[in-house]
Structures are given as C-alpha cells and as structure tokens.
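Note: the block below is target_24.cif and it holds mmCIF, N, CA and C atoms and all ligand atoms.
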```cif
data_run
#
loop_
_atom_site.label_atom_id
_atom_site.label_comp_id
_atom_site.auth_asym_id
_atom_site.auth_seq_id
_atom_site.Cartn_x
_atom_site.Cartn_y
_atom_site.Cartn_z
N MET A 1 73.83 72.60 -87.60
CA MET A 1 74.17 73.18 -88.91
C MET A 1 75.00 74.45 -88.75
N ASN A 2 75.94 74.63 -89.66
CA ASN A 2 76.82 75.80 -89.58
C ASN A 2 76.30 76.96 -90.41
N ALA A 3 76.70 78.14 -90.00
CA ALA A 3 76.38 79.33 -90.81
C ALA A 3 77.16 79.24 -92.12
N LEU A 4 76.72 80.01 -93.10
CA LEU A 4 77.34 79.95 -94.41
C LEU A 4 78.67 80.68 -94.43
N THR A 5 79.59 80.17 -95.23
CA THR A 5 80.84 80.89 -95.46
C THR A 5 80.60 81.92 -96.56
N PRO A 6 81.45 82.97 -96.59
CA PRO A 6 81.29 83.99 -97.66
C PRO A 6 81.33 83.36 -99.05
N THR A 7 82.15 82.33 -99.25
CA THR A 7 82.23 81.66 -100.55
C THR A 7 80.92 80.99 -100.91
N GLN A 8 80.30 80.36 -99.93
CA GLN A 8 79.01 79.71 -100.18
C GLN A 8 77.94 80.74 -100.53
N VAL A 9 77.93 81.84 -99.77
CA VAL A 9 76.97 82.90 -100.05
C VAL A 9 77.17 83.43 -101.46
N GLU A 10 78.45 83.63 -101.83
CA GLU A 10 78.78 84.17 -103.15
C GLU A 10 78.29 83.24 -104.26
N SER A 11 78.47 81.94 -104.09
CA SER A 11 78.07 81.00 -105.14
C SER A 11 76.54 80.93 -105.24
N LEU A 12 75.85 81.03 -104.12
CA LEU A 12 74.38 81.03 -104.16
C LEU A 12 73.87 82.31 -104.82
N LYS A 13 74.53 83.42 -104.49
CA LYS A 13 74.13 84.70 -105.09
C LYS A 13 74.32 84.66 -106.60
N GLU A 14 75.45 84.11 -107.01
CA GLU A 14 75.75 83.96 -108.44
C GLU A 14 74.65 83.17 -109.14
N ARG A 15 74.26 82.06 -108.53
CA ARG A 15 73.22 81.21 -109.12
C ARG A 15 71.89 81.95 -109.19
N MET A 16 71.57 82.70 -108.15
CA MET A 16 70.30 83.43 -108.14
C MET A 16 70.28 84.50 -109.23
N LEU A 17 71.42 85.18 -109.42
CA LEU A 17 71.49 86.22 -110.45
C LEU A 17 71.36 85.61 -111.84
N THR A 18 71.98 84.44 -112.04
CA THR A 18 71.84 83.74 -113.31
C THR A 18 70.38 83.38 -113.55
N ARG A 19 69.75 82.82 -112.54
CA ARG A 19 68.35 82.44 -112.62
C ARG A 19 67.46 83.65 -112.90
N ARG A 20 67.80 84.78 -112.25
CA ARG A 20 67.02 86.00 -112.45
C ARG A 20 67.08 86.43 -113.92
N GLY A 21 68.29 86.34 -114.50
CA GLY A 21 68.46 86.68 -115.90
C GLY A 21 67.61 85.79 -116.80
N GLU A 22 67.58 84.49 -116.49
CA GLU A 22 66.76 83.55 -117.27
C GLU A 22 65.29 83.90 -117.16
N LEU A 23 64.86 84.26 -115.95
CA LEU A 23 63.45 84.58 -115.72
C LEU A 23 63.04 85.82 -116.51
N VAL A 24 63.93 86.82 -116.54
CA VAL A 24 63.62 88.04 -117.28
C VAL A 24 63.42 87.70 -118.76
N VAL A 25 64.30 86.84 -119.30
CA VAL A 25 64.17 86.42 -120.70
C VAL A 25 62.85 85.69 -120.91
N GLU A 26 62.54 84.79 -119.98
CA GLU A 26 61.30 84.01 -120.06
C GLU A 26 60.08 84.92 -120.06
N ILE A 27 60.07 85.86 -119.16
CA ILE A 27 58.93 86.79 -119.05
C ILE A 27 58.79 87.57 -120.36
N ARG A 28 59.92 88.02 -120.85
CA ARG A 28 59.92 88.79 -122.09
C ARG A 28 59.32 87.96 -123.23
N GLU A 29 59.73 86.68 -123.31
CA GLU A 29 59.22 85.81 -124.37
C GLU A 29 57.72 85.58 -124.22
N LYS A 30 57.30 85.32 -123.00
CA LYS A 30 55.88 85.06 -122.77
C LYS A 30 55.04 86.29 -123.10
N LEU A 31 55.53 87.44 -122.70
CA LEU A 31 54.78 88.66 -122.97
C LEU A 31 54.76 88.98 -124.46
N ALA A 32 55.85 88.61 -125.13
CA ALA A 32 55.92 88.88 -126.57
C ALA A 32 54.85 88.09 -127.31
N GLU A 33 54.49 86.91 -126.77
CA GLU A 33 53.47 86.08 -127.40
C GLU A 33 52.06 86.56 -127.06
N SER A 34 51.98 87.41 -126.09
CA SER A 34 50.67 87.76 -125.57
C SER A 34 50.16 89.07 -126.13
N ARG A 35 48.91 89.37 -125.79
CA ARG A 35 48.34 90.62 -126.28
C ARG A 35 48.87 91.82 -125.50
N GLU A 36 49.64 91.53 -124.45
CA GLU A 36 50.23 92.64 -123.70
C GLU A 36 51.51 93.13 -124.35
N HIS A 37 51.68 92.68 -125.59
CA HIS A 37 52.88 93.03 -126.35
C HIS A 37 53.24 94.51 -126.26
N SER A 38 52.23 95.36 -126.35
CA SER A 38 52.49 96.80 -126.43
C SER A 38 53.12 97.34 -125.13
N SER A 39 52.90 96.64 -124.04
CA SER A 39 53.43 97.15 -122.77
C SER A 39 54.80 96.58 -122.45
N LEU A 40 55.40 95.90 -123.43
CA LEU A 40 56.68 95.23 -123.21
C LEU A 40 57.76 96.16 -122.67
N ALA A 41 57.87 97.33 -123.28
CA ALA A 41 58.89 98.28 -122.85
C ALA A 41 58.69 98.67 -121.39
N THR A 42 57.44 98.89 -121.03
CA THR A 42 57.12 99.24 -119.65
C THR A 42 57.53 98.13 -118.71
N VAL A 43 57.23 96.90 -119.12
CA VAL A 43 57.57 95.75 -118.27
C VAL A 43 59.06 95.68 -118.06
N GLU A 44 59.82 95.87 -119.14
CA GLU A 44 61.26 95.79 -119.02
C GLU A 44 61.80 96.87 -118.08
N GLN A 45 61.24 98.05 -118.20
CA GLN A 45 61.63 99.12 -117.28
C GLN A 45 61.36 98.72 -115.85
N ARG A 46 60.19 98.14 -115.64
CA ARG A 46 59.80 97.77 -114.29
C ARG A 46 60.68 96.67 -113.72
N LEU A 47 61.11 95.76 -114.61
CA LEU A 47 61.99 94.68 -114.15
C LEU A 47 63.32 95.24 -113.67
N GLU A 48 63.71 96.38 -114.22
CA GLU A 48 64.95 97.01 -113.76
C GLU A 48 64.72 97.81 -112.48
N GLY A 49 63.49 98.03 -112.17
CA GLY A 49 63.16 98.86 -111.02
C GLY A 49 63.15 98.09 -109.72
N GLY A 50 62.63 98.70 -108.70
CA GLY A 50 62.66 98.10 -107.38
C GLY A 50 61.46 97.22 -107.12
N ASP A 51 61.29 96.88 -105.86
CA ASP A 51 60.28 95.92 -105.45
C ASP A 51 58.86 96.44 -105.69
N SER A 52 58.62 97.69 -105.43
CA SER A 52 57.28 98.22 -105.60
C SER A 52 56.89 98.23 -107.08
N ALA A 53 57.90 98.47 -107.94
CA ALA A 53 57.64 98.41 -109.38
C ALA A 53 57.23 97.01 -109.79
N LEU A 54 57.86 96.01 -109.19
CA LEU A 54 57.49 94.64 -109.50
C LEU A 54 56.09 94.32 -109.00
N ALA A 55 55.73 94.87 -107.87
CA ALA A 55 54.39 94.67 -107.35
C ALA A 55 53.36 95.23 -108.32
N ASP A 56 53.66 96.39 -108.89
CA ASP A 56 52.79 96.97 -109.92
C ASP A 56 52.66 96.03 -111.11
N LEU A 57 53.80 95.46 -111.48
CA LEU A 57 53.81 94.57 -112.63
C LEU A 57 52.91 93.37 -112.37
N ILE A 58 53.02 92.80 -111.19
CA ILE A 58 52.18 91.66 -110.84
C ILE A 58 50.71 92.06 -110.91
N ALA A 59 50.40 93.23 -110.39
CA ALA A 59 49.02 93.69 -110.39
C ALA A 59 48.51 93.90 -111.81
N SER A 60 49.42 94.26 -112.71
CA SER A 60 48.98 94.64 -114.04
C SER A 60 48.94 93.47 -115.02
N THR A 61 49.37 92.31 -114.61
CA THR A 61 49.31 91.18 -115.53
C THR A 61 48.38 90.10 -115.00
N ASP A 62 47.63 89.51 -115.90
CA ASP A 62 46.75 88.42 -115.50
C ASP A 62 47.24 87.09 -116.03
N MET A 63 48.46 87.08 -116.49
CA MET A 63 49.00 85.83 -117.01
C MET A 63 49.66 85.04 -115.89
N ALA A 64 49.06 83.93 -115.58
CA ALA A 64 49.51 83.15 -114.44
C ALA A 64 50.98 82.76 -114.56
N MET A 65 51.41 82.38 -115.75
CA MET A 65 52.79 81.93 -115.91
C MET A 65 53.78 83.06 -115.64
N VAL A 66 53.49 84.21 -116.20
CA VAL A 66 54.36 85.36 -115.99
C VAL A 66 54.36 85.74 -114.51
N ARG A 67 53.19 85.70 -113.94
CA ARG A 67 53.06 86.01 -112.52
C ARG A 67 54.00 85.18 -111.67
N ARG A 68 54.03 83.88 -111.99
CA ARG A 68 54.88 82.98 -111.20
C ARG A 68 56.35 83.35 -111.36
N ASP A 69 56.75 83.67 -112.60
CA ASP A 69 58.13 84.08 -112.84
C ASP A 69 58.45 85.37 -112.09
N VAL A 70 57.51 86.31 -112.13
CA VAL A 70 57.74 87.59 -111.45
C VAL A 70 57.85 87.36 -109.93
N GLU A 71 57.01 86.48 -109.42
CA GLU A 71 57.10 86.14 -107.98
C GLU A 71 58.49 85.59 -107.66
N GLU A 72 58.99 84.75 -108.58
CA GLU A 72 60.31 84.15 -108.33
C GLU A 72 61.39 85.21 -108.34
N ILE A 73 61.26 86.18 -109.25
CA ILE A 73 62.22 87.29 -109.27
C ILE A 73 62.14 88.06 -107.96
N ARG A 74 60.96 88.27 -107.47
CA ARG A 74 60.79 88.98 -106.19
C ARG A 74 61.48 88.23 -105.07
N GLU A 75 61.33 86.89 -105.08
CA GLU A 75 61.98 86.08 -104.05
C GLU A 75 63.49 86.20 -104.15
N ILE A 76 64.00 86.19 -105.39
CA ILE A 76 65.44 86.31 -105.60
C ILE A 76 65.91 87.69 -105.11
N ASP A 77 65.19 88.74 -105.48
CA ASP A 77 65.57 90.09 -105.04
C ASP A 77 65.54 90.19 -103.52
N ALA A 78 64.55 89.56 -102.91
CA ALA A 78 64.46 89.59 -101.45
C ALA A 78 65.65 88.85 -100.84
N ALA A 79 66.01 87.71 -101.43
CA ALA A 79 67.14 86.93 -100.91
C ALA A 79 68.44 87.71 -101.04
N ILE A 80 68.62 88.39 -102.20
CA ILE A 80 69.82 89.20 -102.39
C ILE A 80 69.83 90.37 -101.41
N GLY A 81 68.65 90.92 -101.14
CA GLY A 81 68.54 91.95 -100.11
C GLY A 81 68.99 91.43 -98.74
N ARG A 82 68.63 90.17 -98.45
CA ARG A 82 69.05 89.58 -97.18
C ARG A 82 70.55 89.35 -97.14
N ILE A 83 71.14 89.00 -98.32
CA ILE A 83 72.60 88.86 -98.37
C ILE A 83 73.24 90.19 -98.01
N GLU A 84 72.72 91.27 -98.62
CA GLU A 84 73.30 92.60 -98.36
C GLU A 84 73.09 93.02 -96.91
N ALA A 85 71.98 92.60 -96.34
CA ALA A 85 71.68 92.97 -94.95
C ALA A 85 72.39 92.05 -93.96
N GLY A 86 73.00 90.98 -94.48
CA GLY A 86 73.71 90.05 -93.62
C GLY A 86 72.83 89.07 -92.87
N THR A 87 71.58 88.93 -93.30
CA THR A 87 70.68 88.00 -92.62
C THR A 87 70.36 86.79 -93.49
N TYR A 88 71.02 86.70 -94.66
CA TYR A 88 70.74 85.58 -95.56
C TYR A 88 71.16 84.26 -94.91
N GLY A 89 70.31 83.24 -95.11
CA GLY A 89 70.65 81.92 -94.58
C GLY A 89 70.16 81.68 -93.17
N GLU A 90 69.49 82.68 -92.59
CA GLU A 90 68.88 82.48 -91.27
C GLU A 90 67.40 82.20 -91.45
N CYS A 91 66.89 81.28 -90.68
CA CYS A 91 65.47 80.98 -90.72
C CYS A 91 64.69 82.18 -90.17
N THR A 92 63.67 82.61 -90.94
CA THR A 92 62.89 83.76 -90.49
C THR A 92 62.00 83.41 -89.30
N GLN A 93 61.83 82.12 -89.04
CA GLN A 93 60.96 81.69 -87.95
C GLN A 93 61.74 81.56 -86.64
N CYS A 94 62.85 80.85 -86.70
CA CYS A 94 63.56 80.54 -85.45
C CYS A 94 64.96 81.16 -85.39
N GLY A 95 65.44 81.76 -86.52
CA GLY A 95 66.74 82.41 -86.50
C GLY A 95 67.93 81.47 -86.62
N GLU A 96 67.66 80.18 -86.70
CA GLU A 96 68.75 79.20 -86.85
C GLU A 96 69.24 79.21 -88.30
N PRO A 97 70.51 78.80 -88.53
CA PRO A 97 70.99 78.70 -89.92
C PRO A 97 70.15 77.69 -90.71
N ILE A 98 69.83 78.06 -91.95
CA ILE A 98 69.02 77.18 -92.79
C ILE A 98 69.86 76.00 -93.28
N GLY A 99 71.13 76.26 -93.52
CA GLY A 99 72.02 75.18 -93.96
C GLY A 99 72.29 75.25 -95.45
N PHE A 100 73.54 75.02 -95.80
CA PHE A 100 73.97 75.20 -97.19
C PHE A 100 73.29 74.20 -98.12
N ALA A 101 73.13 72.95 -97.68
CA ALA A 101 72.54 71.92 -98.55
C ALA A 101 71.13 72.32 -98.96
N ARG A 102 70.38 72.81 -98.00
CA ARG A 102 69.00 73.23 -98.30
C ARG A 102 68.98 74.45 -99.21
N LEU A 103 69.88 75.40 -98.96
CA LEU A 103 69.93 76.60 -99.79
C LEU A 103 70.42 76.29 -101.20
N GLU A 104 71.27 75.27 -101.31
CA GLU A 104 71.70 74.86 -102.65
C GLU A 104 70.52 74.36 -103.46
N ALA A 105 69.63 73.63 -102.81
CA ALA A 105 68.43 73.13 -103.48
C ALA A 105 67.44 74.26 -103.73
N GLU A 106 67.42 75.22 -102.80
CA GLU A 106 66.44 76.30 -102.88
C GLU A 106 67.05 77.58 -102.32
N PRO A 107 67.81 78.31 -103.18
CA PRO A 107 68.56 79.47 -102.68
C PRO A 107 67.71 80.56 -102.05
N THR A 108 66.41 80.60 -102.40
CA THR A 108 65.57 81.67 -101.85
C THR A 108 64.81 81.22 -100.60
N ALA A 109 65.14 80.04 -100.07
CA ALA A 109 64.44 79.53 -98.89
C ALA A 109 64.55 80.51 -97.73
N THR A 110 63.45 80.71 -97.02
CA THR A 110 63.46 81.63 -95.87
C THR A 110 63.27 80.90 -94.55
N ARG A 111 63.03 79.58 -94.62
CA ARG A 111 62.80 78.82 -93.39
C ARG A 111 63.72 77.60 -93.34
N CYS A 112 64.11 77.20 -92.16
CA CYS A 112 64.84 75.95 -92.01
C CYS A 112 63.88 74.81 -92.33
N ILE A 113 64.45 73.63 -92.54
CA ILE A 113 63.64 72.50 -93.01
C ILE A 113 62.54 72.17 -92.00
N ARG A 114 62.83 72.33 -90.73
CA ARG A 114 61.84 72.01 -89.70
C ARG A 114 60.66 72.98 -89.76
N ASP A 115 60.95 74.27 -89.84
CA ASP A 115 59.87 75.25 -89.91
C ASP A 115 59.15 75.18 -91.25
N GLN A 116 59.88 74.81 -92.31
CA GLN A 116 59.25 74.67 -93.61
C GLN A 116 58.24 73.53 -93.58
N SER A 117 58.60 72.39 -92.99
CA SER A 117 57.64 71.28 -92.98
C SER A 117 56.46 71.61 -92.09
N ARG A 118 56.71 72.33 -91.02
CA ARG A 118 55.59 72.75 -90.17
C ARG A 118 54.65 73.68 -90.94
N TRP A 119 55.25 74.63 -91.68
CA TRP A 119 54.47 75.59 -92.45
C TRP A 119 53.63 74.87 -93.49
N GLU A 120 54.27 73.85 -94.14
CA GLU A 120 53.54 73.11 -95.19
C GLU A 120 52.40 72.30 -94.58
N ARG A 121 52.62 71.76 -93.38
CA ARG A 121 51.52 71.06 -92.71
C ARG A 121 50.37 72.00 -92.44
N GLU A 122 50.72 73.20 -91.97
CA GLU A 122 49.67 74.15 -91.58
C GLU A 122 48.95 74.74 -92.79
N HIS A 123 49.68 74.89 -93.90
CA HIS A 123 49.09 75.54 -95.07
C HIS A 123 48.77 74.56 -96.19
N GLY A 124 48.96 73.29 -95.93
CA GLY A 124 48.73 72.30 -96.98
C GLY A 124 49.96 72.22 -97.85
N SER A 125 50.43 71.03 -98.14
CA SER A 125 51.70 70.87 -98.84
C SER A 125 51.55 71.06 -100.35
N GLY A 126 50.31 71.25 -100.80
CA GLY A 126 49.96 71.15 -102.22
C GLY A 126 50.82 71.91 -103.20
N GLY A 127 51.31 71.20 -104.19
CA GLY A 127 51.80 71.80 -105.41
C GLY A 127 53.05 72.64 -105.35
N GLY A 128 53.79 72.60 -104.28
CA GLY A 128 55.01 73.37 -104.21
C GLY A 128 56.05 72.84 -105.19
N ALA A 129 56.99 73.68 -105.55
CA ALA A 129 58.03 73.26 -106.47
C ALA A 129 59.08 72.49 -105.69
N SER A 130 58.91 71.18 -105.60
CA SER A 130 59.90 70.41 -104.90
C SER A 130 60.85 69.78 -105.91
N LEU A 131 62.04 69.55 -105.51
CA LEU A 131 63.02 69.03 -106.46
C LEU A 131 63.04 67.51 -106.44
ZN ZN B 1 63.54 77.56 -88.26
#
```

Please express what this file holds, its structure, as structure tokens.
Amino acid sequence: MNALTPTQVESLKERMLTRRGELVVEIREKLAESREHSSLATVEQRLEGGDSALADLIASTDMAMVRRDVEEIREIDAAIGRIEAGTYGECTQCGEPIGFARLEAEPTATRCIRDQSRWEREHGSGGGASL
C-alpha cells in the first residue's frame, strides 16, 4: 500500500470537517430536546474548545447518543491533529500506511486493516460501526 498523496489527505480532511459540522448540529439538536437545555451555551463553547474541554463535556453528559457523537468529534479532532503532525494515515500499531481505500471508508481509522482485525478479535468484534 502507498502513502497518501496531499490531495487524498486534503479530501479526507474536508470530509471529516463536514462530518464534524454535522455532528455539532446533531448534538445541539439532541441537547435542545433534553433537560440539559440550560447548559446549551456551555456545550457550544466547549465544542469550540480543545480536547480537554471535550473530555469535560463527555463527563458532564449522561446521554448515550450525545456521548457517541462527542466521541466521534474527538476522533475527528485527533485525526486532524495527526494530519497537522504529518502522521495521518500511518497505522499506530505497525507504522505501515493504512491505505486510502480504508481511510475513505473510515477517515478516522488509526490501524491498518490487519491490526484492526487483530484488535477486534482480541476485544470482541461486537457492535462496531461497519459500513
Ligand atoms: Zn498495522
């Protein structure tokens, strides 16, 4: 497998940022329906903040659905951090390129397909978001 071209990285980043925007809207809508309505402004501030602010947000909400969205935002932010650090697209386990096809399916992937299947075997494959 080849390393990613700058164009490929750019298109994946674009998709992740679009997805991040959708997630923020989703979280806002879910919170608006909930009794945590009053903390909405705080949540929005935190979404604009850094990673530790998001961790606070996760700690402060007990809504499973929102939690999942916030986790996804964290994954996106981490992936964009890896783009900026120049390590995006490398498997965190073996350092090999993850491959564009796999990243297209899952832009926030941190493992190559081989290490991912091993991880799923070791941790149980249950309930992951597979396409
Ligand atoms: Zn690997």

I want to know what sits within 6.5 Å of segment 98-104 of chain A, based on only N, CA and C atoms, with residues of the same chain fewer than 3 positions away left out; could you give that as a PyMOL selection string? chain A and resi 1-2+4+89-91+107-109+111-113

Restricting it to N, CA and C atoms, dump the selection as a PDB file, in the coordinates of the input.
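Writing the result to out.pdb gives the following:
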```
ATOM      1  N   MET A   1      73.830  72.600 -87.600  1.00  0.00           N
ATOM      2  CA  MET A   1      74.170  73.180 -88.910  1.00  0.00           C
ATOM      3  C   MET A   1      75.000  74.450 -88.750  1.00  0.00           C
ATOM      4  N   ASN A   2      75.940  74.630 -89.660  1.00  0.00           N
ATOM      5  CA  ASN A   2      76.820  75.800 -89.580  1.00  0.00           C
ATOM      6  C   ASN A   2      76.300  76.960 -90.410  1.00  0.00           C
ATOM      7  N   LEU A   4      76.720  80.010 -93.100  1.00  0.00           N
ATOM      8  CA  LEU A   4      77.340  79.950 -94.410  1.00  0.00           C
ATOM      9  C   LEU A   4      78.670  80.680 -94.430  1.00  0.00           C
ATOM     10  N   GLY A  89      70.310  83.240 -95.110  1.00  0.00           N
ATOM     11  CA  GLY A  89      70.650  81.920 -94.580  1.00  0.00           C
ATOM     12  C   GLY A  89      70.160  81.680 -93.170  1.00  0.00           C
ATOM     13  N   GLU A  90      69.490  82.680 -92.590  1.00  0.00           N
ATOM     14  CA  GLU A  90      68.880  82.480 -91.270  1.00  0.00           C
ATOM     15  C   GLU A  90      67.400  82.200 -91.450  1.00  0.00           C
ATOM     16  N   CYS A  91      66.890  81.280 -90.680  1.00  0.00           N
ATOM     17  CA  CYS A  91      65.470  80.980 -90.720  1.00  0.00           C
ATOM     18  C   CYS A  91      64.690  82.180 -90.170  1.00  0.00           C
ATOM     19  N   PRO A 107      67.810  78.310-103.180  1.00  0.00           N
ATOM     20  CA  PRO A 107      68.560  79.470-102.680  1.00  0.00           C
ATOM     21  C   PRO A 107      67.710  80.560-102.050  1.00  0.00           C
ATOM     22  N   THR A 108      66.410  80.600-102.400  1.00  0.00           N
ATOM     23  CA  THR A 108      65.570  81.670-101.850  1.00  0.00           C
ATOM     24  C   THR A 108      64.810  81.220-100.600  1.00  0.00           C
ATOM     25  N   ALA A 109      65.140  80.040-100.070  1.00  0.00           N
ATOM     26  CA  ALA A 109      64.440  79.530 -98.890  1.00  0.00           C
ATOM     27  C   ALA A 109      64.550  80.510 -97.730  1.00  0.00           C
ATOM     28  N   ARG A 111      63.030  79.580 -94.620  1.00  0.00           N
ATOM     29  CA  ARG A 111      62.800  78.820 -93.390  1.00  0.00           C
ATOM     30  C   ARG A 111      63.720  77.600 -93.340  1.00  0.00           C
ATOM     31  N   CYS A 112      64.110  77.200 -92.160  1.00  0.00           N
ATOM     32  CA  CYS A 112      64.840  75.950 -92.010  1.00  0.00           C
ATOM     33  C   CYS A 112      63.880  74.810 -92.330  1.00  0.00           C
ATOM     34  N   ILE A 113      64.450  73.630 -92.540  1.00  0.00           N
ATOM     35  CA  ILE A 113      63.640  72.500 -93.010  1.00  0.00           C
ATOM     36  C   ILE A 113      62.540  72.170 -92.000  1.00  0.00           C
TER      37      ILE A 113
END
```

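The spacing separating atom CA of Glu71 of chain A from atom CA of Cys94 of chain A amounts to 24.1 Å.
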
Expressed in Å, the length from atom N of Val70 of chain A to atom CA of Arg15 of chain A is 16.8 Å

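Atom CA of Arg74 of chain A to atom CA of Glu29 of chain A spans 18.5 Å [interatomic distance, one decimal].
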
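Using only N, CA and C atoms and all ligand atoms, the smallest distance between any of A:Glu22, A:Asp115, A:Glu120, A:Glu72 and ligand ZN 1 (chain B) comes from A:Asp115.
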
ask   = Do you know which residues are at most 8 Å from Val24 of chain A counting all atoms listed in the file, after dropping those on the same chain fewer than 5 positions away, and could you put them as a list in words?
value = Thr18, Arg19, Glu29, Lys30, Leu47, Asp69, Val70 and Ile73 of chain A

Using all atoms listed in the file, the residue out of A:Pro97, A:Leu17, A:Leu23, A:Ile76 with shortest distance to ligand ZN 1 (chain B) is A:Pro97

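With distances restricted to only C-alpha atoms and all ligand atoms, A:Glu96 is the closest residue to ligand ZN 1 (chain B) from A:Ala105, A:Glu96, A:Arg118, A:Val9.
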
If you count only N, CA and C atoms, the residue of A:Lys13, A:Gln116, A:His123, A:Ala3 closest to Ala79 of chain A turns out to be A:Lys13

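When only N, CA and C atoms and all ligand atoms are used to measure the gap to ligand ZN 1 (chain B), the shortest distance among A:Trp119, A:Gly95, A:Ala64, A:Gly124 belongs to A:Gly95.
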